[in-house]
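One file, start.cif, carrying mmCIF, C-alpha atoms (C1' of nucleotides):
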```
data_start
#
loop_
_atom_site.label_atom_id
_atom_site.label_comp_id
_atom_site.auth_asym_id
_atom_site.auth_seq_id
_atom_site.Cartn_x
_atom_site.Cartn_y
_atom_site.Cartn_z
CA MET A 120 49.28 82.17 138.42
CA PRO A 121 49.39 85.35 140.47
CA GLU A 122 52.42 87.56 140.44
CA PRO A 123 54.90 87.49 143.29
CA PHE A 124 53.98 90.93 144.56
CA THR A 125 50.32 90.07 144.69
CA VAL A 126 51.14 87.00 146.72
CA LEU A 127 53.29 88.94 149.15
CA ALA A 128 50.66 91.61 149.58
CA GLU A 129 49.04 89.32 152.14
CA PRO A 130 50.52 89.75 155.63
CA ALA A 131 49.59 86.21 156.58
CA ARG A 132 51.54 84.86 153.64
CA ARG A 133 54.60 86.88 154.55
CA ARG A 134 54.37 85.51 158.05
CA ILE A 135 54.25 82.02 156.61
CA LEU A 136 57.42 82.72 154.68
CA ASP A 137 59.01 83.98 157.85
CA LEU A 138 58.13 80.75 159.60
CA LEU A 139 59.41 78.66 156.73
CA LEU A 140 62.65 80.58 156.67
CA GLU A 141 63.55 78.91 159.94
CA ARG A 142 62.57 75.42 158.91
CA PRO A 143 59.97 73.41 157.00
CA ARG A 144 56.65 73.16 158.78
CA LEU A 145 53.39 71.28 158.78
CA VAL A 146 50.12 72.96 157.95
CA GLY A 147 48.76 72.51 161.43
CA GLU A 148 51.81 74.09 162.96
CA ILE A 149 51.59 77.11 160.69
CA SER A 150 47.89 77.38 161.34
CA ARG A 151 48.47 77.47 165.07
CA GLU A 152 51.32 79.95 164.82
CA LEU A 153 49.31 82.37 162.70
CA GLY A 154 46.13 81.96 164.67
CA ILE A 155 44.05 81.40 161.60
CA THR A 156 41.93 78.42 160.62
CA GLN A 157 43.41 75.35 158.97
CA PRO A 158 41.46 75.81 155.72
CA GLY A 159 42.59 79.40 155.61
CA THR A 160 46.16 78.30 156.08
CA SER A 161 45.85 75.69 153.36
CA LYS A 162 44.50 78.27 150.98
CA HIS A 163 47.36 80.65 151.62
CA LEU A 164 49.79 77.80 151.17
CA ARG A 165 48.14 76.94 147.90
CA VAL A 166 48.65 80.45 146.63
CA LEU A 167 52.25 80.39 147.79
CA ARG A 168 52.78 77.05 146.13
CA GLU A 169 51.21 78.03 142.83
CA ALA A 170 53.45 81.06 142.75
CA GLY A 171 56.48 78.92 143.50
CA PHE A 172 57.26 80.35 146.92
CA VAL A 173 56.95 77.03 148.66
CA HIS A 174 57.30 73.36 147.91
CA VAL A 175 55.44 70.49 149.50
CA ARG A 176 56.87 67.21 150.61
CA ALA A 177 54.37 64.52 151.51
CA ASP A 178 54.92 62.34 154.54
CA ALA A 179 51.87 60.11 154.94
CA GLN A 180 48.99 62.46 155.56
CA ARG A 181 51.38 65.20 156.66
CA ARG A 182 52.52 67.93 154.35
CA TRP A 183 55.90 69.52 154.93
CA TYR A 184 56.02 72.95 153.41
CA GLU A 185 59.41 74.40 152.68
CA LEU A 186 60.68 77.62 151.22
CA ARG A 187 61.60 78.02 147.57
CA PRO A 188 63.91 80.81 146.44
CA ALA A 189 62.86 81.50 142.86
CA PRO A 190 60.07 84.09 143.23
CA LEU A 191 61.92 85.96 145.93
CA ALA A 192 64.98 85.98 143.72
CA ASP A 193 62.75 87.39 140.99
CA ILE A 194 61.75 90.25 143.22
CA ASP A 195 65.36 90.77 144.13
CA ALA A 196 66.14 91.00 140.43
CA TRP A 197 63.25 93.39 139.86
CA LEU A 198 64.71 95.65 142.52
CA THR A 199 68.08 95.78 140.80
CA PRO A 200 67.61 98.84 138.61
CA TYR A 201 66.13 100.75 141.54
CA ARG A 202 68.90 99.87 143.90
CA ARG A 203 71.10 102.68 142.71
CA LEU A 204 68.59 105.08 144.20
CA TRP A 205 69.74 104.29 147.69
CA ASN A 206 73.06 102.53 147.12
CA ASP A 207 74.65 105.42 145.33
CA HIS A 208 72.88 108.69 145.44
CA LEU A 209 76.24 110.30 144.85
CA ASP A 210 76.65 113.53 143.05
CA LEU A 211 79.26 111.68 141.07
CA LEU A 212 76.51 110.17 139.05
CA GLU A 213 74.94 113.51 138.35
CA ARG A 214 78.06 114.89 136.72
CA HIS A 215 78.60 111.63 134.94
CA LEU A 216 75.19 111.92 133.37
CA ASP A 217 76.01 115.45 132.35
CA THR A 218 79.16 114.33 130.59
CA MET A 219 77.45 111.64 128.57
CA ASP A 220 74.58 113.93 127.84
CA SER A 221 75.17 113.94 124.11
CA GLU A 222 76.41 110.38 123.98
CA GLY A 223 74.12 107.79 122.44
CA SER A 224 74.56 104.73 124.61
CA GLU A 225 71.81 102.28 124.03
CA GLU A 226 71.61 100.04 127.02
CA SER A 227 68.27 98.46 127.64
CA GLY A 228 67.04 95.02 128.58
CA MET B 282 48.70 103.84 154.78
CA PRO B 283 49.02 100.65 152.76
CA GLU B 284 52.07 98.48 152.99
CA PRO B 285 54.70 98.54 150.26
CA PHE B 286 53.87 95.10 148.95
CA THR B 287 50.21 95.95 148.61
CA VAL B 288 51.13 99.03 146.63
CA LEU B 289 53.41 97.09 144.31
CA ALA B 290 50.79 94.42 143.75
CA GLU B 291 49.29 96.71 141.14
CA PRO B 292 50.92 96.28 137.72
CA ALA B 293 50.04 99.82 136.73
CA ARG B 294 51.84 101.17 139.76
CA ARG B 295 54.95 99.16 138.99
CA ARG B 296 54.87 100.56 135.49
CA ILE B 297 54.69 104.03 136.94
CA LEU B 298 57.75 103.33 139.02
CA ASP B 299 59.52 102.09 135.91
CA LEU B 300 58.71 105.32 134.16
CA LEU B 301 59.84 107.42 137.10
CA LEU B 302 63.08 105.50 137.29
CA GLU B 303 64.14 107.20 134.09
CA ARG B 304 63.10 110.68 135.10
CA PRO B 305 60.42 112.67 136.90
CA ARG B 306 57.19 112.93 134.97
CA LEU B 307 53.93 114.81 134.81
CA VAL B 308 50.63 113.13 135.45
CA GLY B 309 49.46 113.59 131.90
CA GLU B 310 52.58 112.03 130.53
CA ILE B 311 52.25 108.98 132.77
CA SER B 312 48.60 108.73 131.93
CA ARG B 313 49.38 108.65 128.23
CA GLU B 314 52.19 106.15 128.62
CA LEU B 315 50.09 103.73 130.62
CA GLY B 316 47.05 104.13 128.45
CA ILE B 317 44.79 104.70 131.42
CA THR B 318 42.64 107.70 132.26
CA GLN B 319 44.03 110.74 134.02
CA PRO B 320 41.90 110.26 137.14
CA GLY B 321 43.01 106.66 137.31
CA THR B 322 46.59 107.75 137.07
CA SER B 323 46.11 110.36 139.78
CA LYS B 324 44.65 107.73 142.06
CA HIS B 325 47.57 105.39 141.56
CA LEU B 326 49.95 108.24 142.16
CA ARG B 327 48.14 109.07 145.34
CA VAL B 328 48.59 105.55 146.62
CA LEU B 329 52.24 105.63 145.65
CA ARG B 330 52.67 108.97 147.36
CA GLU B 331 50.94 107.96 150.57
CA ALA B 332 53.20 104.94 150.74
CA GLY B 333 56.25 107.10 150.15
CA PHE B 334 57.21 105.68 146.77
CA VAL B 335 56.97 109.01 145.05
CA HIS B 336 57.27 112.67 145.84
CA VAL B 337 55.47 115.56 144.19
CA ARG B 338 56.95 118.83 143.18
CA ALA B 339 54.49 121.54 142.18
CA ASP B 340 55.19 123.74 139.21
CA ALA B 341 52.18 125.98 138.62
CA GLN B 342 49.34 123.61 137.85
CA ARG B 343 51.81 120.91 136.86
CA ARG B 344 52.83 118.14 139.22
CA TRP B 345 56.24 116.57 138.81
CA TYR B 346 56.28 113.12 140.29
CA GLU B 347 59.63 111.66 141.17
CA LEU B 348 60.84 108.44 142.65
CA ARG B 349 61.58 108.03 146.34
CA PRO B 350 63.85 105.24 147.52
CA ALA B 351 62.65 104.53 151.06
CA PRO B 352 59.88 101.95 150.56
CA LEU B 353 61.85 100.09 147.92
CA ALA B 354 64.81 100.05 150.25
CA ASP B 355 62.47 98.63 152.89
CA ILE B 356 61.57 95.78 150.62
CA ASP B 357 65.21 95.28 149.86
CA ALA B 358 65.83 95.04 153.58
CA TRP B 359 62.95 92.65 154.03
CA LEU B 360 64.52 90.40 151.45
CA THR B 361 67.81 90.30 153.29
CA PRO B 362 67.26 87.24 155.47
CA TYR B 363 65.90 85.32 152.49
CA ARG B 364 68.77 86.18 150.23
CA ARG B 365 70.94 83.39 151.48
CA LEU B 366 68.50 80.98 149.88
CA TRP B 367 69.71 81.79 146.40
CA ASN B 368 72.96 83.64 146.93
CA ASP B 369 74.61 80.71 148.55
CA HIS B 370 72.81 77.45 148.39
CA LEU B 371 76.17 75.83 148.89
CA ASP B 372 76.72 73.34 151.62
CA LEU B 373 79.93 75.21 152.12
CA LEU B 374 77.99 77.99 153.71
CA GLU B 375 76.59 75.85 156.45
CA ARG B 376 79.97 75.28 157.98
CA HIS B 377 81.14 78.66 156.87
CA LEU B 378 78.42 80.62 158.60
CA ASP B 379 80.29 80.59 161.84
CA THR B 380 83.34 82.38 160.56
CA MET B 381 81.69 84.26 157.76
CA ASP B 382 82.39 87.92 157.44
CA SER B 383 82.01 88.67 153.74
CA GLU B 384 80.17 91.94 153.40
CA GLY B 385 80.78 94.81 151.02
CA SER B 386 82.31 97.84 152.70
CA GLU B 387 80.17 100.87 152.08
CA GLU B 388 78.74 103.70 154.11
CA SER B 389 75.06 104.37 153.98
CA GLY B 390 72.95 106.53 156.19
"C1'" DA C 196 36.48 47.63 158.27
"C1'" DG C 197 35.85 51.52 160.94
"C1'" DC C 198 37.63 55.53 163.27
"C1'" DG C 199 40.27 59.56 163.74
"C1'" DC C 200 43.87 62.72 162.27
"C1'" DA C 201 45.94 65.91 158.80
"C1'" DT C 202 45.01 68.45 154.91
"C1'" DA C 203 42.49 70.16 150.75
"C1'" DT C 204 38.45 71.97 148.41
"C1'" DG C 205 33.71 74.15 147.59
"C1'" DC C 206 30.50 77.62 148.62
"C1'" DG C 207 28.66 81.99 149.95
"C1'" DC C 208 29.32 86.51 152.04
"C1'" DG C 209 31.34 90.97 152.73
"C1'" DC C 210 34.92 94.17 151.93
"C1'" DC C 211 38.33 96.53 149.60
"C1'" DT C 212 40.16 98.04 145.35
"C1'" DT C 213 39.96 99.43 140.53
"C1'" DG C 214 38.24 101.75 136.67
"C1'" DG C 215 35.27 105.03 134.54
"C1'" DT C 216 32.64 109.38 134.28
"C1'" DA C 217 31.52 113.72 135.99
"C1'" DT C 218 32.95 117.57 138.62
"C1'" DA C 219 35.84 120.65 141.62
"C1'" DT C 220 40.17 123.29 142.06
"C1'" DT C 221 44.05 126.00 140.86
"C1'" DA C 222 46.83 128.52 137.72
"C1'" DA C 223 48.02 130.64 133.41
"C1'" DA C 224 46.57 133.37 129.45
"C1'" DG C 225 43.86 136.67 126.78
"C1'" DC D 142 36.67 138.00 134.28
"C1'" DT D 143 36.28 134.15 131.09
"C1'" DT D 144 38.53 130.50 129.00
"C1'" DT D 145 41.70 126.75 128.86
"C1'" DA D 146 45.04 123.50 130.77
"C1'" DA D 147 46.51 120.32 134.45
"C1'" DT D 148 45.35 117.73 138.24
"C1'" DA D 149 42.56 116.02 142.17
"C1'" DT D 150 38.36 114.29 144.21
"C1'" DA D 151 33.51 112.23 144.44
"C1'" DC D 152 30.64 108.85 143.19
"C1'" DC D 153 29.20 104.48 141.30
"C1'" DA D 154 29.39 99.85 139.41
"C1'" DA D 155 32.09 95.62 139.02
"C1'" DG D 156 35.44 92.20 140.25
"C1'" DG D 157 38.74 89.92 143.16
"C1'" DC D 158 40.16 88.24 147.61
"C1'" DG D 159 40.08 86.56 152.16
"C1'" DC D 160 37.34 84.36 155.73
"C1'" DG D 161 34.43 80.98 157.91
"C1'" DC D 162 31.92 76.89 157.63
"C1'" DA D 163 30.95 72.52 155.85
"C1'" DT D 164 32.71 68.73 153.53
"C1'" DA D 165 35.78 65.62 150.81
"C1'" DT D 166 40.07 62.92 150.53
"C1'" DG D 167 43.87 60.16 152.01
"C1'" DC D 168 46.31 57.60 155.42
"C1'" DG D 169 47.49 55.20 159.71
"C1'" DC D 170 45.91 52.73 163.64
"C1'" DT D 171 43.29 49.37 166.18
#
```

Can you dump the structure from the file as C-alpha coordinates?
Amino acid sequence: MPEPFTVLAEPARRRILDLLLERPRLVGEISRELGITQPGTSKHLRVLREAGFVHVRADAQRRWYELRPAPLADIDAWLTPYRRLWNDHLDLLERHLDTMDSEGSEESG
Amino acid sequence: MPEPFTVLAEPARRRILDLLLERPRLVGEISRELGITQPGTSKHLRVLREAGFVHVRADAQRRWYELRPAPLADIDAWLTPYRRLWNDHLDLLERHLDTMDSEGSEESG
DNA sequence: AGCGCATATGCGCGCCTTGGTATATTAAAG
DNA sequence: CTTTAATATACCAAGGCGCGCATATGCGCT
(Lines of atoms letter the chains of each structure in order from A and count residues from 1; the text may use other names and numbers.)
(Lines give C-alpha, C1' and ligand atoms only; values in the text may rest on other atoms or scores of the structure.)
Protein backbone atom coordinates (compact mmCIF):
# COMPACT_ATOMS: atom_id res chain seq x y z
CA MET A 1 0.00 0.00 0.00
CA PRO A 2 1.88 3.03 -1.28
CA GLU A 3 1.71 6.31 0.52
CA PRO A 4 -0.50 9.11 -0.74
CA PHE A 5 2.39 11.30 -1.81
CA THR A 6 3.95 8.52 -3.83
CA VAL A 7 0.67 8.00 -5.60
CA LEU A 8 0.27 11.68 -6.39
CA ALA A 9 3.81 11.93 -7.67
CA GLU A 10 2.49 10.62 -10.98
CA PRO A 11 1.13 13.39 -13.22
CA ALA A 12 -1.20 10.98 -14.97
CA ARG A 13 -2.75 10.01 -11.67
CA ARG A 14 -3.30 13.61 -10.70
CA ARG A 15 -4.98 14.17 -14.02
CA ILE A 16 -7.23 11.23 -13.31
CA LEU A 17 -8.21 12.78 -10.01
CA ASP A 18 -8.94 16.01 -11.80
CA LEU A 19 -11.25 14.19 -14.18
CA LEU A 20 -12.97 12.36 -11.37
CA LEU A 21 -13.48 15.58 -9.48
CA GLU A 22 -16.03 16.55 -12.10
CA ARG A 23 -17.85 13.25 -12.17
CA PRO A 24 -17.35 9.48 -12.06
CA ARG A 25 -15.90 8.05 -15.24
CA LEU A 26 -15.33 4.82 -17.07
CA VAL A 27 -11.87 3.48 -17.72
CA GLY A 28 -12.16 3.92 -21.44
CA GLU A 29 -13.17 7.52 -21.07
CA ILE A 30 -10.24 8.28 -18.80
CA SER A 31 -7.91 6.44 -21.12
CA ARG A 32 -9.04 8.54 -24.05
CA GLU A 33 -8.84 11.79 -22.11
CA LEU A 34 -5.31 11.12 -20.92
CA GLY A 35 -4.11 9.77 -24.22
CA ILE A 36 -2.57 6.73 -22.66
CA THR A 37 -3.31 3.06 -23.25
CA GLN A 38 -6.17 1.29 -21.53
CA PRO A 39 -3.91 -1.11 -19.61
CA GLY A 40 -1.85 1.83 -18.47
CA THR A 41 -4.97 3.57 -17.29
CA SER A 42 -6.16 0.48 -15.45
CA LYS A 43 -2.84 0.21 -13.70
CA HIS A 44 -2.93 3.80 -12.54
CA LEU A 45 -6.48 3.29 -11.36
CA ARG A 46 -5.39 0.25 -9.46
CA VAL A 47 -2.75 2.23 -7.63
CA LEU A 48 -5.27 4.95 -6.89
CA ARG A 49 -7.76 2.41 -5.66
CA GLU A 50 -5.31 0.56 -3.44
CA ALA A 51 -4.37 3.86 -1.86
CA GLY A 52 -8.02 4.72 -1.33
CA PHE A 53 -8.17 7.67 -3.71
CA VAL A 54 -10.89 6.14 -5.82
CA HIS A 55 -13.71 3.68 -5.51
CA VAL A 56 -15.11 1.40 -8.18
CA ARG A 57 -18.72 0.71 -8.89
CA ALA A 58 -19.43 -2.16 -11.25
CA ASP A 59 -22.09 -1.84 -13.90
CA ALA A 60 -22.00 -4.98 -16.03
CA GLN A 61 -18.60 -4.99 -17.64
CA ARG A 62 -18.24 -1.27 -17.06
CA ARG A 63 -16.35 0.15 -14.13
CA TRP A 64 -17.34 3.53 -12.77
CA TYR A 65 -14.48 5.10 -10.93
CA GLU A 66 -15.29 7.82 -8.45
CA LEU A 67 -13.30 10.00 -6.14
CA ARG A 68 -12.74 9.18 -2.48
CA PRO A 69 -11.79 11.89 -0.01
CA ALA A 70 -9.82 10.06 2.67
CA PRO A 71 -6.23 10.13 1.35
CA LEU A 72 -6.55 13.70 0.17
CA ALA A 73 -7.91 14.63 3.57
CA ASP A 74 -4.87 12.90 5.04
CA ILE A 75 -2.59 15.11 3.02
CA ASP A 76 -4.61 18.10 4.06
CA ALA A 77 -4.09 17.06 7.66
CA TRP A 78 -0.38 16.53 7.08
CA LEU A 79 -0.15 20.08 5.80
CA THR A 80 -1.73 21.49 8.94
CA PRO A 81 1.37 22.15 11.02
CA TYR A 82 3.06 23.78 8.03
CA ARG A 83 0.17 26.01 7.22
CA ARG A 84 1.22 28.64 9.70
CA LEU A 85 4.24 29.27 7.52
CA TRP A 86 2.15 31.06 4.96
CA ASN A 87 -1.09 31.76 6.82
CA ASP A 88 0.54 33.78 9.54
CA HIS A 89 4.07 34.81 9.03
CA LEU A 90 3.36 37.66 11.40
CA ASP A 91 5.97 39.17 13.59
CA LEU A 92 3.42 38.72 16.31
CA LEU A 93 4.40 35.13 16.52
CA GLU A 94 8.05 35.96 16.81
CA ARG A 95 7.56 38.06 19.92
CA HIS A 96 5.15 35.51 21.28
CA LEU A 97 7.81 32.86 21.02
CA ASP A 98 10.22 35.16 22.77
CA THR A 99 7.83 35.61 25.67
CA MET A 100 7.29 31.92 26.22
CA ASP A 101 10.95 31.26 25.78
CA SER A 102 11.43 29.95 29.28
CA GLU A 103 8.00 28.39 29.51
CA GLY A 104 7.78 24.61 29.37
CA SER A 105 4.72 23.92 27.29
CA GLU A 106 4.67 20.38 26.12
CA GLU A 107 2.42 20.18 23.14
CA SER A 108 3.13 17.37 20.76
CA GLY A 109 1.07 14.84 18.88
CA MET B 1 13.12 20.85 -11.44
CA PRO B 2 10.96 18.10 -9.98
CA GLU B 3 7.39 18.73 -8.99
CA PRO B 4 6.44 19.18 -5.34
CA PHE B 5 4.63 15.87 -5.09
CA THR B 6 7.59 13.98 -6.45
CA VAL B 7 9.80 15.62 -3.88
CA LEU B 8 7.46 14.76 -1.03
CA ALA B 9 7.16 11.17 -2.19
CA GLU B 10 10.41 10.51 -0.35
CA PRO B 11 9.85 9.71 3.34
CA ALA B 12 13.30 10.97 4.25
CA ARG B 13 12.53 14.32 2.70
CA ARG B 14 9.28 14.63 4.59
CA ARG B 15 11.17 13.89 7.77
CA ILE B 16 13.59 16.65 6.90
CA LEU B 17 10.72 19.05 6.50
CA ASP B 18 9.39 17.96 9.87
CA LEU B 19 12.73 18.72 11.43
CA LEU B 20 12.97 22.09 9.73
CA LEU B 21 9.48 22.98 10.87
CA GLU B 22 10.84 23.28 14.39
CA ARG B 23 13.89 25.31 13.48
CA PRO B 24 16.64 25.71 10.90
CA ARG B 25 19.25 22.99 11.04
CA LEU B 26 22.70 22.09 9.85
CA VAL B 27 23.31 19.24 7.46
CA GLY B 28 25.17 17.20 10.02
CA GLU B 29 22.38 17.54 12.52
CA ILE B 30 19.77 16.40 10.00
CA SER B 31 22.00 13.58 8.92
CA ARG B 32 22.30 12.35 12.48
CA GLU B 33 18.59 12.69 13.17
CA LEU B 34 17.59 10.73 10.09
CA GLY B 35 20.25 8.11 10.54
CA ILE B 36 21.40 8.41 6.96
CA THR B 37 24.80 9.36 5.60
CA GLN B 38 25.86 12.96 5.17
CA PRO B 39 26.10 12.74 1.37
CA GLY B 40 22.65 11.20 1.27
CA THR B 41 21.34 14.03 3.37
CA SER B 42 23.01 16.62 1.15
CA LYS B 43 21.39 15.06 -1.88
CA HIS B 44 17.95 15.16 -0.36
CA LEU B 45 18.51 18.74 0.67
CA ARG B 46 19.54 19.57 -2.84
CA VAL B 47 16.31 18.18 -4.21
CA LEU B 48 14.35 20.08 -1.59
CA ARG B 49 16.24 23.25 -2.40
CA GLU B 50 15.81 22.98 -6.14
CA ALA B 51 12.10 22.54 -5.61
CA GLY B 52 12.00 25.55 -3.32
CA PHE B 53 11.09 23.72 -0.14
CA VAL B 54 14.15 24.91 1.69
CA HIS B 55 16.56 27.79 1.66
CA VAL B 56 20.22 27.76 2.60
CA ARG B 57 22.03 30.32 4.64
CA ALA B 58 25.81 30.06 4.68
CA ASP B 59 27.71 30.56 7.89
CA ALA B 60 31.39 29.84 7.24
CA GLN B 61 31.51 26.21 6.21
CA ARG B 62 28.16 25.58 7.89
CA ARG B 63 24.92 25.52 5.96
CA TRP B 64 21.72 26.46 7.76
CA TYR B 65 18.76 24.95 6.02
CA GLU B 66 15.40 26.51 6.70
CA LEU B 67 11.89 25.88 5.56
CA ARG B 68 10.29 27.74 2.67
CA PRO B 69 6.53 27.91 2.38
CA ALA B 70 5.93 28.31 -1.35
CA PRO B 71 5.78 24.72 -2.62
CA LEU B 72 3.76 23.57 0.35
CA ALA B 73 1.39 26.44 -0.22
CA ASP B 74 1.16 25.27 -3.83
CA ILE B 75 0.06 21.86 -2.70
CA ASP B 76 -2.38 23.47 -0.34
CA ALA B 77 -3.78 25.39 -3.29
CA TRP B 78 -3.92 22.27 -5.41
CA LEU B 79 -6.02 20.65 -2.72
CA THR B 80 -8.52 23.47 -2.73
CA PRO B 81 -10.99 22.16 -5.30
CA TYR B 82 -10.95 18.74 -3.65
CA ARG B 83 -11.54 20.06 -0.18
CA ARG B 84 -15.27 20.20 -0.59
CA LEU B 85 -15.24 16.42 -0.73
CA TRP B 86 -14.59 16.11 2.97
CA ASN B 87 -15.30 19.56 4.35
CA ASP B 88 -18.89 19.45 3.35
CA HIS B 89 -20.22 16.18 2.17
CA LEU B 90 -23.63 17.47 3.14
CA ASP B 91 -26.46 17.46 0.71
CA LEU B 92 -27.12 20.88 2.09
CA LEU B 93 -24.18 22.16 0.17
CA GLU B 94 -25.56 21.15 -3.18
CA ARG B 95 -28.41 23.60 -2.94
CA HIS B 96 -26.31 25.98 -0.95
CA LEU B 97 -23.54 26.31 -3.49
CA ASP B 98 -25.44 28.93 -5.39
CA THR B 99 -25.66 31.39 -2.55
CA MET B 100 -22.61 30.30 -0.68
CA ASP B 101 -20.18 32.92 0.44
CA SER B 102 -18.55 31.49 3.55
CA GLU B 103 -14.88 32.27 3.40
CA GLY B 104 -12.54 33.41 6.14
CA SER B 105 -11.55 37.06 5.86
CA GLU B 106 -7.80 37.37 5.76
CA GLU B 107 -5.24 39.20 3.70
CA SER B 108 -2.44 37.27 2.13
CA GLY B 109 -0.01 38.34 -0.52
C1' DA C 1 -22.79 -21.03 -28.09
C1' DG C 2 -20.05 -17.74 -30.17
C1' DC C 3 -18.63 -13.02 -30.76
C1' DG C 4 -17.29 -8.59 -29.34
C1' DC C 5 -16.77 -4.99 -25.89
C1' DA C 6 -14.84 -3.24 -21.44
C1' DT C 7 -11.48 -3.95 -18.19
C1' DA C 8 -7.71 -6.32 -15.58
C1' DT C 9 -3.33 -8.74 -15.27
C1' DG C 10 1.40 -10.68 -16.57
C1' DC C 11 5.77 -10.00 -18.55
C1' DG C 12 9.91 -7.76 -19.99
C1' DC C 13 12.46 -3.52 -20.85
C1' DG C 14 14.46 0.89 -19.86
C1' DC C 15 14.87 4.80 -16.99
C1' DC C 16 15.09 7.38 -13.00
C1' DT C 17 16.07 7.57 -8.23
C1' DT C 18 18.32 6.15 -3.98
C1' DG C 19 22.00 4.81 -1.16
C1' DG C 20 26.78 4.09 -0.31
C1' DT C 21 31.75 5.10 -0.77
C1' DA C 22 35.34 7.94 -2.20
C1' DT C 23 36.79 12.48 -3.24
C1' DA C 24 36.69 17.61 -4.01
C1' DT C 25 35.93 22.18 -1.93
C1' DT C 26 35.88 25.79 1.36
C1' DA C 27 36.79 27.72 5.77
C1' DA C 28 38.64 27.86 10.36
C1' DA C 29 42.48 26.91 13.45
C1' DG C 30 47.24 26.11 14.89
C1' DC D 1 50.97 25.87 5.11
C1' DT D 2 49.00 21.73 7.15
C1' DT D 3 45.33 19.86 9.54
C1' DT D 4 40.57 19.39 10.69
C1' DA D 5 35.64 20.26 10.21
C1' DA D 6 31.50 20.81 7.31
C1' DT D 7 29.41 20.15 3.13
C1' DA D 8 28.94 19.09 -1.86
C1' DT D 9 29.74 16.29 -5.89
C1' DA D 10 31.10 12.06 -8.73
C1' DC D 11 30.58 7.54 -9.51
C1' DC D 12 28.57 3.01 -9.17
C1' DA D 13 25.37 -0.68 -8.08
C1' DA D 14 20.59 -1.87 -7.02
C1' DG D 15 15.68 -1.41 -6.92
C1' DG D 16 11.27 0.51 -8.14
C1' DC D 17 8.13 2.34 -11.53
C1' DG D 18 5.89 3.27 -15.73
C1' DC D 19 5.10 1.78 -20.44
C1' DG D 20 3.83 -1.21 -24.20
C1' DC D 21 2.33 -5.51 -25.73
C1' DA D 22 0.01 -9.71 -25.27
C1' DT D 23 -3.42 -12.08 -22.93
C1' DA D 24 -7.05 -13.37 -19.51
C1' DT D 25 -11.66 -12.54 -17.57
C1' DG D 26 -16.41 -11.26 -17.38
C1' DC D 27 -20.61 -9.83 -19.49
C1' DG D 28 -24.12 -8.69 -22.95
C1' DC D 29 -25.90 -9.48 -27.45
C1' DT D 30 -27.41 -12.11 -31.38

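A least-squares superposition of chain B on chain A, with Cα atoms paired in sequence order, returns an RMSD value of 5.8 Å.
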
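Between chain C and the candidates A:Ala177, A:Leu139, A:Leu153, A:Leu167, the tightest atom-to-atom separation, counting all atoms listed in the file, involves A:Ala177.
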
Legend entry - Pairwise distance for atom CA of A:Ala192 and atom CA of B:Arg306, rounded to one decimal in Å: 29.4 Å

Inset, instruction - Just give me the gap between atom CA of B:Pro350 and atom CA of B:Arg327 in Å, one decimal is fine. - result: 16.3 Å

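Residue-level contact on chain B: within 7 Å of chain C, counting only C-alpha atoms (C1' of nucleotides), the set is Gly321, Ala341 and Gln342 of chain B.
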